[in-house]
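Pasted below: coords24.csv, CSV, C-alpha atoms.
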```csv
chain,number,residue,atom,x,y,z
A,1,HIS,CA,-20.9,83.0,-21.4
A,2,VAL,CA,-18.0,81.0,-22.8
A,3,SER,CA,-15.7,79.0,-20.5
A,4,PRO,CA,-12.0,79.6,-20.5
A,5,MET,CA,-11.3,76.3,-22.2
A,6,PHE,CA,-13.7,77.0,-25.1
A,7,SER,CA,-12.2,80.5,-25.5
A,8,PHE,CA,-8.7,78.9,-25.6
A,9,LEU,CA,-9.8,76.4,-28.3
A,10,ARG,CA,-11.4,79.1,-30.4
A,11,ARG,CA,-8.2,81.3,-30.2
A,12,SER,CA,-5.9,78.4,-30.9
A,13,LEU,CA,-7.6,76.6,-33.8
A,14,PRO,CA,-7.2,77.9,-37.3
A,15,PRO,CA,-10.3,79.3,-38.9
A,16,SER,CA,-10.5,76.4,-41.4
A,17,LEU,CA,-11.1,74.0,-38.4
A,18,ILE,CA,-13.5,76.3,-36.7
A,19,LEU,CA,-15.9,76.5,-39.7
A,20,PRO,CA,-15.5,74.7,-43.0
A,21,PRO,CA,-14.8,76.9,-46.0
A,22,GLY,CA,-17.6,77.6,-48.4
A,23,PRO,CA,-21.2,77.4,-47.4
A,24,SER,CA,-21.5,77.3,-43.6
A,25,ALA,CA,-22.5,74.1,-41.8
A,26,LEU,CA,-25.8,75.7,-40.8
A,27,THR,CA,-26.6,76.6,-44.4
A,28,ILE,CA,-26.0,73.1,-45.6
A,29,THR,CA,-28.2,71.7,-42.9
A,30,ARG,CA,-31.1,74.1,-43.6
A,31,ASN,CA,-30.9,73.3,-47.3
A,32,PHE,CA,-31.1,69.6,-46.6
A,33,LYS,CA,-34.1,70.1,-44.3
A,34,ARG,CA,-35.9,71.8,-47.1
A,35,CYS,CA,-35.3,69.1,-49.7
A,36,CYS,CA,-35.8,66.0,-47.4
A,37,ASN,CA,-39.1,65.1,-45.8
A,38,PHE,CA,-38.8,62.2,-43.4
A,39,SER,CA,-42.5,62.5,-42.5
A,40,SER,CA,-43.5,61.2,-45.9
A,41,GLY,CA,-41.9,57.9,-45.2
A,42,VAL,CA,-39.5,58.4,-48.0
A,43,GLY,CA,-36.2,56.6,-47.3
A,44,GLY,CA,-37.5,53.0,-47.0
A,45,VAL,CA,-37.7,52.7,-43.3
A,46,ASP,CA,-38.1,49.0,-42.5
A,47,GLY,CA,-38.5,48.6,-38.7
A,48,HIS,CA,-39.2,44.8,-39.0
A,49,ARG,CA,-35.9,44.3,-40.7
A,50,ALA,CA,-34.0,46.0,-37.9
A,51,ILE,CA,-35.7,43.8,-35.3
A,52,GLU,CA,-35.4,40.6,-37.2
A,53,THR,CA,-31.6,41.1,-37.7
A,54,GLY,CA,-31.2,40.1,-34.1
A,55,TRP,CA,-27.8,40.2,-32.3
A,56,ASP,CA,-24.9,41.8,-34.0
A,57,ASN,CA,-21.4,40.3,-34.0
A,58,GLY,CA,-20.3,42.4,-31.0
A,59,ARG,CA,-17.3,44.7,-30.5
A,60,VAL,CA,-14.4,44.3,-28.1
A,61,VAL,CA,-13.3,47.2,-26.0
A,62,GLU,CA,-10.4,47.6,-23.6
A,63,LEU,CA,-10.7,49.1,-20.1
A,64,THR,CA,-7.7,50.1,-17.8
A,65,PRO,CA,-7.6,51.2,-14.2
A,66,GLN,CA,-6.7,54.7,-15.4
A,67,SER,CA,-9.6,54.9,-17.8
A,68,MET,CA,-11.9,53.8,-14.9
A,69,ALA,CA,-10.6,56.5,-12.7
A,70,LEU,CA,-11.0,59.1,-15.5
A,71,TYR,CA,-14.6,58.1,-16.0
A,72,ALA,CA,-15.3,58.6,-12.3
A,73,ILE,CA,-13.7,62.0,-12.4
A,74,GLY,CA,-15.8,62.8,-15.4
A,75,ILE,CA,-19.0,62.2,-13.4
A,76,GLY,CA,-17.9,64.4,-10.6
A,77,ALA,CA,-16.2,62.0,-8.2
A,78,GLY,CA,-13.0,62.7,-6.2
A,79,LYS,CA,-13.9,65.6,-4.0
A,80,GLU,CA,-15.4,63.5,-1.2
A,81,LYS,CA,-13.1,61.3,0.9
A,82,GLU,CA,-15.2,58.2,0.4
A,83,GLU,CA,-15.0,58.5,-3.4
A,84,GLU,CA,-11.2,58.0,-3.5
A,85,ARG,CA,-11.9,54.4,-4.2
A,86,TYR,CA,-13.3,55.4,-7.7
A,87,VAL,CA,-10.5,57.8,-8.8
A,88,TYR,CA,-7.3,56.3,-7.3
A,89,GLU,CA,-6.2,53.0,-8.8
A,90,ARG,CA,-3.9,52.2,-5.9
A,91,HIS,CA,-6.6,52.6,-3.3
A,92,PRO,CA,-7.0,49.4,-1.3
A,93,GLU,CA,-10.7,49.3,-2.2
A,94,PHE,CA,-10.4,50.6,-5.8
A,95,ILE,CA,-13.5,49.7,-7.8
A,96,PRO,CA,-14.9,50.7,-11.2
A,97,PHE,CA,-18.0,52.9,-10.7
A,98,PRO,CA,-21.0,50.6,-11.4
A,99,THR,CA,-22.6,52.8,-14.2
A,100,LEU,CA,-19.4,52.7,-16.3
A,101,PRO,CA,-20.7,50.0,-18.7
A,102,CYS,CA,-23.2,52.6,-20.0
A,103,ILE,CA,-20.4,54.3,-21.9
A,104,TRP,CA,-20.6,51.5,-24.4
A,105,SER,CA,-24.4,51.8,-24.9
A,106,PHE,CA,-24.2,53.8,-28.2
A,107,TYR,CA,-22.9,50.8,-30.1
A,108,GLY,CA,-25.4,49.7,-32.7
A,109,THR,CA,-27.4,53.0,-32.4
A,110,VAL,CA,-27.7,56.0,-34.8
A,111,LEU,CA,-24.9,57.7,-33.0
A,112,GLU,CA,-22.3,54.9,-32.9
A,113,ARG,CA,-19.9,56.6,-35.3
A,114,VAL,CA,-20.5,60.1,-34.1
A,115,VAL,CA,-19.8,59.1,-30.5
A,116,TYR,CA,-16.8,56.7,-31.0
A,117,ASP,CA,-15.1,58.0,-34.1
A,118,SER,CA,-13.1,61.0,-33.1
A,119,GLN,CA,-11.8,61.4,-36.7
A,120,MET,CA,-15.3,62.0,-38.1
A,121,PRO,CA,-15.2,65.4,-39.8
A,122,ARG,CA,-17.5,68.1,-38.5
A,123,ILE,CA,-19.3,68.4,-41.9
A,124,GLU,CA,-20.2,64.7,-41.7
A,125,VAL,CA,-21.5,65.1,-38.2
A,126,ILE,CA,-24.3,67.5,-39.4
A,127,SER,CA,-24.9,65.7,-42.7
A,128,PRO,CA,-27.0,62.5,-43.3
A,129,TYR,CA,-25.0,59.3,-43.0
A,130,GLN,CA,-25.8,55.6,-43.1
A,131,THR,CA,-26.5,54.4,-39.6
A,132,PRO,CA,-25.7,50.9,-38.3
A,133,ILE,CA,-29.5,50.2,-38.0
A,134,PRO,CA,-30.6,47.8,-40.7
A,135,GLY,CA,-33.6,49.1,-42.8
A,136,PHE,CA,-33.0,52.8,-41.9
A,137,PRO,CA,-32.2,55.6,-44.4
A,138,PRO,CA,-29.2,58.0,-43.9
A,139,ILE,CA,-30.0,60.4,-41.0
A,140,GLU,CA,-28.3,63.5,-39.7
A,141,PRO,CA,-27.0,62.7,-36.2
A,142,PHE,CA,-28.5,65.9,-34.6
A,143,ARG,CA,-32.0,64.3,-35.1
A,144,PHE,CA,-31.1,61.8,-32.4
A,145,LEU,CA,-32.2,62.5,-28.9
A,146,ASP,CA,-31.1,60.3,-26.0
A,147,VAL,CA,-34.3,59.8,-23.9
A,148,GLY,CA,-33.6,57.0,-21.5
A,149,ARG,CA,-31.3,54.3,-20.2
A,150,TYR,CA,-31.6,51.2,-18.1
A,151,ILE,CA,-28.7,49.2,-16.7
A,152,ARG,CA,-28.7,46.0,-14.7
A,153,VAL,CA,-25.4,44.9,-13.2
A,154,TYR,CA,-25.0,41.2,-12.6
A,155,ARG,CA,-21.3,41.1,-11.8
A,156,PRO,CA,-18.9,44.1,-11.2
A,157,LEU,CA,-16.1,44.8,-13.7
A,158,SER,CA,-12.7,43.7,-12.6
A,159,GLN,CA,-10.7,46.4,-10.9
A,160,MET,CA,-7.8,45.4,-13.1
A,161,GLY,CA,-9.7,46.2,-16.3
A,162,GLY,CA,-9.3,44.0,-19.3
A,163,PHE,CA,-11.2,43.4,-22.6
A,164,PHE,CA,-14.9,43.3,-22.8
A,165,ARG,CA,-17.4,42.4,-25.6
A,166,ILE,CA,-20.5,44.5,-26.2
A,167,THR,CA,-23.2,42.7,-28.2
A,168,SER,CA,-26.3,44.6,-29.3
A,169,ARG,CA,-29.7,44.1,-30.9
A,170,HIS,CA,-32.8,46.4,-31.6
A,171,ILE,CA,-35.8,45.3,-29.6
A,172,SER,CA,-38.4,47.9,-30.6
A,173,ILE,CA,-39.0,50.7,-33.1
A,174,THR,CA,-42.1,52.7,-32.5
A,175,ASP,CA,-43.6,55.4,-34.8
A,176,LYS,CA,-44.7,58.4,-32.6
A,177,LYS,CA,-46.0,60.4,-35.6
A,178,ILE,CA,-43.5,63.3,-35.0
A,179,GLY,CA,-40.6,60.9,-34.9
A,180,CYS,CA,-39.8,57.4,-33.7
A,181,ILE,CA,-38.4,55.8,-30.6
A,182,VAL,CA,-35.7,53.1,-31.0
A,183,GLU,CA,-34.8,50.8,-28.1
A,184,THR,CA,-31.5,48.8,-28.3
A,185,GLU,CA,-30.4,46.1,-25.9
A,186,HIS,CA,-26.7,45.6,-25.1
A,187,ILE,CA,-25.1,42.8,-23.3
A,188,VAL,CA,-21.6,43.2,-21.7
A,189,THR,CA,-19.4,40.1,-21.2
A,190,GLU,CA,-15.7,39.4,-20.8
A,191,ALA,CA,-14.0,39.1,-24.1
A,192,GLY,CA,-12.8,35.6,-24.8
A,193,LYS,CA,-15.6,34.0,-22.8
A,194,PRO,CA,-18.1,31.8,-24.5
A,195,VAL,CA,-21.0,33.9,-25.8
A,196,ASP,CA,-23.5,31.1,-26.7
A,197,ASP,CA,-24.9,28.0,-25.1
A,198,GLU,CA,-26.2,26.3,-28.2
A,199,GLY,CA,-25.8,22.6,-29.1
A,200,PRO,CA,-23.5,21.4,-31.9
A,201,GLU,CA,-26.4,21.2,-34.4
A,202,GLU,CA,-27.7,24.7,-33.7
A,203,LYS,CA,-24.2,26.1,-33.7
A,204,GLY,CA,-23.4,24.4,-37.0
A,205,VAL,CA,-26.5,26.0,-38.7
A,206,ARG,CA,-25.6,29.4,-37.2
A,207,ASP,CA,-22.0,29.1,-38.5
A,208,LEU,CA,-23.1,28.0,-41.9
A,209,LEU,CA,-25.5,31.0,-42.2
A,210,LYS,CA,-22.9,33.3,-40.6
A,211,LEU,CA,-25.5,34.5,-38.0
A,212,PRO,CA,-24.3,36.2,-34.8
A,213,SER,CA,-24.5,34.2,-31.6
A,214,PRO,CA,-26.9,35.1,-28.8
A,215,PRO,CA,-25.1,36.1,-25.5
A,216,ASN,CA,-24.9,33.4,-22.8
A,217,LYS,CA,-26.8,34.6,-19.7
A,218,GLU,CA,-24.4,32.9,-17.4
A,219,GLY,CA,-21.5,35.1,-18.6
A,220,ILE,CA,-23.2,38.5,-18.6
A,221,LEU,CA,-21.6,41.3,-16.6
A,222,ALA,CA,-24.3,43.9,-17.4
A,223,ARG,CA,-27.4,44.4,-19.5
A,224,ILE,CA,-28.2,47.9,-20.8
A,225,ILE,CA,-31.2,49.2,-22.7
A,226,THR,CA,-30.9,52.4,-24.7
A,227,SER,CA,-33.9,54.5,-25.7
A,228,CYS,CA,-33.5,57.2,-28.4
A,229,PHE,CA,-35.9,59.5,-30.2
A,230,ILE,CA,-35.3,60.3,-33.9
A,231,LYS,CA,-37.0,63.6,-34.8
A,232,GLY,CA,-39.0,63.6,-38.0
A,233,LEU,CA,-38.4,59.9,-38.9
A,234,THR,CA,-41.9,58.6,-39.2
A,235,GLY,CA,-44.5,57.2,-41.6
A,236,PHE,CA,-43.8,53.5,-41.2
A,237,GLN,CA,-45.0,50.4,-39.4
A,238,SER,CA,-43.8,50.0,-35.8
A,239,ALA,CA,-42.0,46.7,-35.0
A,240,GLY,CA,-41.0,44.8,-31.8
A,241,THR,CA,-42.2,45.3,-28.3
A,242,PRO,CA,-41.0,48.2,-26.1
A,243,SER,CA,-39.1,47.0,-23.0
A,244,GLU,CA,-40.9,46.8,-19.7
A,245,GLU,CA,-37.8,48.2,-18.0
A,246,LEU,CA,-38.2,51.6,-19.6
A,247,SER,CA,-41.9,51.7,-20.3
A,248,SER,CA,-43.3,50.8,-16.8
A,249,LYS,CA,-44.3,53.7,-14.6
A,250,LEU,CA,-42.7,54.2,-11.1
A,251,PRO,CA,-45.1,54.9,-8.2
A,252,ALA,CA,-45.2,58.5,-6.9
A,253,HIS,CA,-43.7,59.2,-3.5
A,254,SER,CA,-46.1,60.4,-0.8
A,255,ARG,CA,-43.4,61.7,1.6
A,256,ASP,CA,-40.5,64.1,1.5
A,257,PRO,CA,-37.2,62.7,0.3
A,258,ASP,CA,-34.8,61.3,3.0
A,259,TYR,CA,-31.8,63.0,1.4
A,260,VAL,CA,-31.2,65.9,-1.0
A,261,VAL,CA,-27.8,66.2,-2.6
A,262,ILE,CA,-26.8,69.4,-4.4
A,263,GLN,CA,-23.6,69.6,-6.5
A,264,GLU,CA,-22.2,72.2,-8.9
A,265,THR,CA,-20.8,71.0,-12.2
A,266,PHE,CA,-17.8,72.5,-13.9
A,267,GLU,CA,-18.2,74.4,-17.2
A,268,GLU,CA,-15.4,72.1,-18.5
A,269,GLN,CA,-17.3,69.0,-17.3
A,270,PRO,CA,-18.1,67.7,-20.9
A,271,LEU,CA,-14.4,68.1,-21.8
A,272,ILE,CA,-13.4,65.8,-18.9
A,273,TYR,CA,-16.3,63.3,-19.3
A,274,ARG,CA,-15.7,62.7,-23.0
A,275,LEU,CA,-12.1,61.7,-22.3
A,276,GLY,CA,-13.1,59.2,-19.6
A,277,SER,CA,-16.1,57.8,-21.4
A,278,GLY,CA,-15.0,57.8,-25.0
A,279,ASP,CA,-18.1,59.8,-26.0
A,280,MET,CA,-16.7,62.2,-28.6
A,281,ASN,CA,-20.0,63.5,-29.8
A,282,PRO,CA,-19.2,67.1,-30.7
A,283,LEU,CA,-22.7,68.2,-29.7
A,284,HIS,CA,-21.2,68.6,-26.2
A,285,VAL,CA,-18.2,70.8,-27.1
A,286,ASP,CA,-18.7,72.4,-30.5
A,287,PHE,CA,-21.0,75.5,-30.7
A,288,GLU,CA,-21.7,75.1,-34.4
A,289,VAL,CA,-22.8,71.5,-34.1
A,290,ALA,CA,-24.9,72.4,-31.1
A,291,LYS,CA,-26.6,75.2,-33.1
A,292,ALA,CA,-27.2,72.8,-36.0
A,293,GLY,CA,-29.1,70.7,-33.5
A,294,GLY,CA,-31.3,73.6,-32.4
A,295,LEU,CA,-29.4,74.4,-29.2
A,296,GLU,CA,-27.9,77.7,-28.1
A,297,GLU,CA,-24.7,76.1,-26.9
A,298,PRO,CA,-23.1,72.7,-26.1
A,299,ILE,CA,-24.9,70.7,-23.4
A,300,MET,CA,-23.7,68.1,-20.9
A,301,HIS,CA,-23.7,64.4,-21.7
A,302,GLY,CA,-26.9,62.8,-20.4
A,303,LEU,CA,-24.9,59.8,-19.2
A,304,CYS,CA,-22.7,62.2,-17.3
A,305,THR,CA,-25.7,63.5,-15.3
A,306,MET,CA,-26.8,59.9,-14.8
A,307,GLY,CA,-23.4,59.2,-13.3
A,308,PHE,CA,-23.8,62.2,-10.9
A,309,THR,CA,-27.2,60.9,-9.8
A,310,ALA,CA,-25.9,57.4,-9.1
A,311,ARG,CA,-23.0,58.8,-7.1
A,312,HIS,CA,-25.3,60.9,-5.0
A,313,VAL,CA,-27.5,57.8,-4.2
A,314,LEU,CA,-24.6,55.5,-3.4
A,315,ARG,CA,-23.1,58.1,-1.1
A,316,HIS,CA,-26.1,58.0,1.2
A,317,VAL,CA,-27.9,54.7,1.0
A,318,SER,CA,-25.6,52.0,-0.2
A,319,ASP,CA,-22.2,51.0,-1.4
A,320,PRO,CA,-21.1,50.2,-5.0
A,321,THR,CA,-20.9,46.5,-4.5
A,322,LYS,CA,-24.7,46.4,-3.8
A,323,PHE,CA,-25.6,48.4,-7.0
A,324,ARG,CA,-28.0,46.3,-9.0
A,325,ALA,CA,-30.1,48.4,-11.4
A,326,MET,CA,-30.9,52.0,-12.4
A,327,ARG,CA,-33.3,53.6,-14.8
A,328,VAL,CA,-33.3,57.2,-16.0
A,329,ARG,CA,-35.3,59.4,-18.3
A,330,PHE,CA,-33.6,62.4,-19.9
A,331,SER,CA,-36.3,65.1,-19.9
A,332,SER,CA,-34.4,68.3,-20.7
A,333,PRO,CA,-30.8,69.4,-21.5
A,334,VAL,CA,-28.4,70.4,-18.8
A,335,LEU,CA,-25.8,73.1,-19.4
A,336,PRO,CA,-22.2,72.8,-18.2
A,337,GLY,CA,-21.7,74.6,-14.9
A,338,ALA,CA,-25.3,73.9,-13.8
A,339,ARG,CA,-26.2,72.9,-10.3
A,340,LEU,CA,-27.6,69.4,-10.0
A,341,GLU,CA,-30.0,68.4,-7.3
A,342,THR,CA,-30.8,64.8,-6.5
A,343,SER,CA,-33.8,63.9,-4.2
A,344,ILE,CA,-33.4,60.4,-2.6
A,345,TRP,CA,-36.0,58.2,-1.0
A,346,ASP,CA,-34.5,55.3,1.0
A,347,GLU,CA,-36.8,52.2,0.6
A,348,GLY,CA,-34.4,49.9,2.4
A,349,GLU,CA,-32.9,46.7,1.2
A,350,MET,CA,-34.4,45.1,-2.0
A,351,ASN,CA,-33.9,41.7,-3.5
A,352,ASP,CA,-32.8,41.1,-7.0
A,353,ALA,CA,-36.3,40.4,-8.3
A,354,ALA,CA,-37.4,43.8,-7.0
A,355,THR,CA,-34.5,45.8,-8.4
A,356,GLY,CA,-34.1,43.9,-11.7
```

Do you think you could lay out the structure here as structure tokens?
Amino acid sequence: HVSPMFSFLRRSLPPSLILPPGPSALTITRNFKRCCNFSSGVGGVDGHRAIETGWDNGRVVELTPQSMALYAIGIGAGKEKEEERYVYERHPEFIPFPTLPCIWSFYGTVLERVVYDSQMPRIEVISPYQTPIPGFPPIEPFRFLDVGRYIRVYRPLSQMGGFFRITSRHISITDKKIGCIVETEHIVTEAGKPVDDEGPEEKGVRDLLKLPSPPNKEGILARIITSCFIKGLTGFQSAGTPSEELSSKLPAHSRDPDYVVIQETFEEQPLIYRLGSGDMNPLHVDFEVAKAGGLEEPIMHGLCTMGFTARHVLRHVSDPTKFRAMRVRFSSPVLPGARLETSIWDEGEMNDAATG
């Protein structure tokens, strides 16, 4: 089944934009798979180099009240009366939804350009390209699977928006024999705020060597950890230590959930979410790219379903100003239009040490 919006796009776009002339995208991808064998270790993967590079120089992004509201609409907010505060910037209690910083968590990862560069041609999306991960060979973006996310909020974003700096580093790269898992840590601070607390001598050495500065813990708004799996990239020595936040197991519940929330998504949900989040990955709207990645059709953004879940929880057990941390594992794709069901166990108030 094809949604009306997808049908409109296919009718409106010229054939040259729907499928590149010459060999089809799928043919090019299959030919590349036959001639390239990541499992042999060919490509010079150097996980230690990626870890030792440390913090990058960061990127500055702008956020407006309108973009905050559009993000909230993209994760399904607005239908319930109590959610007007997320989608209407003139609401007296308007506030950015607390999971919003996750939209910046692809910076420094394999998918950085695919997600944020809306001008990237389709043929490049399904072809190997040089990633921002030091020590890694060119990789086709469709090998990347988003498998987990952790966010810790220290201070809420300003309801007025502003400019924010995202600083990233790779903390672990683990060979899983059929591919590898890469964990990347991101720190969100206000742009223009000091990002280091080093002394004059340390700062002088860092400036001389042109090394990026570590973020200052006092100025952190949020900390995010991204976990991704890269299919077929294996045959090298693991480096770094996997984060405790994403690797620790949660205890199983011995009772029925206190609340169960069920909500239908729209078939056009990815089209809305990509505008509010800036996640322009064509895997979520382009049938040819989805098929190149082994899917039958485009799927919803994992971070979109994460936002749905966070909304369901906050609606029943808390308010957005008390949101502290959230961890998710993306176990299987969700199709646009699917019904999402969230089971919630209310464990009462928890202090920062417990939720962090």

Counting only C-alpha atoms, which residues of stretch 225-264 of chain A fall within 9 Å of stretch 338-352 of chain A, and what is the closest atom pair for each with its distance in Å at one decimal, ordered by chain and rising number, as JSON lines?
```
{"residue": "A:His253", "atom": "CA", "partner": "A:Trp345", "partner_atom": "CA", "distance": 8.2}
{"residue": "A:Arg255", "atom": "CA", "partner": "A:Trp345", "partner_atom": "CA", "distance": 8.6}
{"residue": "A:Asp256", "atom": "CA", "partner": "A:Trp345", "partner_atom": "CA", "distance": 7.8}
{"residue": "A:Pro257", "atom": "CA", "partner": "A:Trp345", "partner_atom": "CA", "distance": 4.8}
{"residue": "A:Asp258", "atom": "CA", "partner": "A:Trp345", "partner_atom": "CA", "distance": 5.2}
{"residue": "A:Tyr259", "atom": "CA", "partner": "A:Ile344", "partner_atom": "CA", "distance": 5.0}
{"residue": "A:Val260", "atom": "CA", "partner": "A:Ser343", "partner_atom": "CA", "distance": 4.6}
{"residue": "A:Val261", "atom": "CA", "partner": "A:Thr342", "partner_atom": "CA", "distance": 5.1}
{"residue": "A:Ile262", "atom": "CA", "partner": "A:Glu341", "partner_atom": "CA", "distance": 4.4}
{"residue": "A:Gln263", "atom": "CA", "partner": "A:Leu340", "partner_atom": "CA", "distance": 5.3}
{"residue": "A:Glu264", "atom": "CA", "partner": "A:Arg339", "partner_atom": "CA", "distance": 4.3}
```

Go ahead and save the residues from that selection, with C-alpha atoms, as a PDB file, in the frame of the given file.
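See again_21.pdb below for the written result:
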```
ATOM      1  CA  HIS A 253     -43.700  59.200  -3.500  1.00  0.00           C
ATOM      2  CA  ARG A 255     -43.400  61.700   1.600  1.00  0.00           C
ATOM      3  CA  ASP A 256     -40.500  64.100   1.500  1.00  0.00           C
ATOM      4  CA  PRO A 257     -37.200  62.700   0.300  1.00  0.00           C
ATOM      5  CA  ASP A 258     -34.800  61.300   3.000  1.00  0.00           C
ATOM      6  CA  TYR A 259     -31.800  63.000   1.400  1.00  0.00           C
ATOM      7  CA  VAL A 260     -31.200  65.900  -1.000  1.00  0.00           C
ATOM      8  CA  VAL A 261     -27.800  66.200  -2.600  1.00  0.00           C
ATOM      9  CA  ILE A 262     -26.800  69.400  -4.400  1.00  0.00           C
ATOM     10  CA  GLN A 263     -23.600  69.600  -6.500  1.00  0.00           C
ATOM     11  CA  GLU A 264     -22.200  72.200  -8.900  1.00  0.00           C
TER      12      GLU A 264
END
```

Using only C-alpha atoms, what residues lie at most 12 Å away from (-19.5, 44.7, -22.7) (file coordinates), given as a ChimeraX atom specification? /A:58-63,100-107,151,153,155-157,161-168,185-193,195,215,219-224

Pick out the residues sitting within 9 Å of A:Arg169, and hand them over as JSON, numbers by chain; count only C-alpha atoms, and ignore anything fewer than 6 positions along from it in its own chain. {"A": [50, 51, 53, 54, 55, 56, 108, 183, 184, 185, 186, 187]}

Please determine, counting all atoms listed in the file, which residue among A:Glu52, A:Glu140, A:Asp175, A:Glu80 has the shortest atom-to-atom distance to A:Gly235.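 Among the listed residues, A:Asp175 lies closest to A:Gly235.
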
A:Ala69, A:Leu295, A:Val125, A:Ile181: which is nearest A:Ala239, counting only C-alpha atoms? A:Ile181

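The interatomic distance for the pair atom CA of A:Gly302 and atom CA of A:Val317 works out to 22.9 Å.
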
Skip A:Asp46 itself and residues of its chain fewer than 4 positions away, then list as a tab-separated table (two decimals) with C-alpha atoms, in the coordinates of the input all residues within 8 Å of it, counting only C-alpha atoms.
```tsv
chain	number	residue	atom	x	y	z
A	50	ALA	CA	-34.00	46.00	-37.90
A	134	PRO	CA	-30.60	47.80	-40.70
A	135	GLY	CA	-33.60	49.10	-42.80
A	136	PHE	CA	-33.00	52.80	-41.90
A	236	PHE	CA	-43.80	53.50	-41.20
A	237	GLN	CA	-45.00	50.40	-39.40
```

Taking the block just given, write stretch 301-313 of chain A to a file that holds N, CA, C and O atoms, as a compact mmCIF listing (two decimals), in the first residue's frame.
```txt
# COMPACT_ATOMS: atom_id res chain seq x y z
N HIS A 301 11.36 6.62 11.39
CA HIS A 301 12.60 6.94 12.10
C HIS A 301 12.56 6.31 13.49
O HIS A 301 11.54 6.42 14.20
N GLY A 302 13.64 5.67 13.89
CA GLY A 302 13.70 5.11 15.23
C GLY A 302 13.53 6.17 16.30
O GLY A 302 12.85 5.95 17.32
N LEU A 303 14.13 7.35 16.08
CA LEU A 303 14.02 8.41 17.08
C LEU A 303 12.62 8.98 17.14
O LEU A 303 12.22 9.58 18.14
N CYS A 304 11.85 8.80 16.07
CA CYS A 304 10.45 9.21 16.09
C CYS A 304 9.66 8.30 17.04
O CYS A 304 8.88 8.78 17.87
N THR A 305 9.86 6.99 16.93
CA THR A 305 9.16 6.07 17.83
C THR A 305 9.63 6.25 19.26
O THR A 305 8.84 6.08 20.21
N MET A 306 10.89 6.63 19.44
CA MET A 306 11.38 6.93 20.79
C MET A 306 10.61 8.12 21.36
O MET A 306 10.23 8.13 22.55
N GLY A 307 10.38 9.14 20.53
CA GLY A 307 9.62 10.30 20.98
C GLY A 307 8.19 9.95 21.35
O GLY A 307 7.65 10.46 22.34
N PHE A 308 7.56 9.06 20.56
CA PHE A 308 6.20 8.60 20.90
C PHE A 308 6.19 7.97 22.28
O PHE A 308 5.32 8.25 23.11
N THR A 309 7.16 7.10 22.53
CA THR A 309 7.23 6.41 23.82
C THR A 309 7.41 7.38 24.97
O THR A 309 6.74 7.27 26.01
N ALA A 310 8.31 8.35 24.80
CA ALA A 310 8.53 9.33 25.86
C ALA A 310 7.27 10.13 26.15
O ALA A 310 6.94 10.42 27.31
N ARG A 311 6.53 10.50 25.10
CA ARG A 311 5.27 11.23 25.29
C ARG A 311 4.28 10.41 26.09
O ARG A 311 3.60 10.92 26.99
N HIS A 312 4.16 9.13 25.75
CA HIS A 312 3.22 8.26 26.45
C HIS A 312 3.55 8.18 27.94
O HIS A 312 2.66 8.21 28.80
N VAL A 313 4.83 8.08 28.25
CA VAL A 313 5.24 7.98 29.65
C VAL A 313 4.95 9.28 30.40
O VAL A 313 4.37 9.27 31.49
```
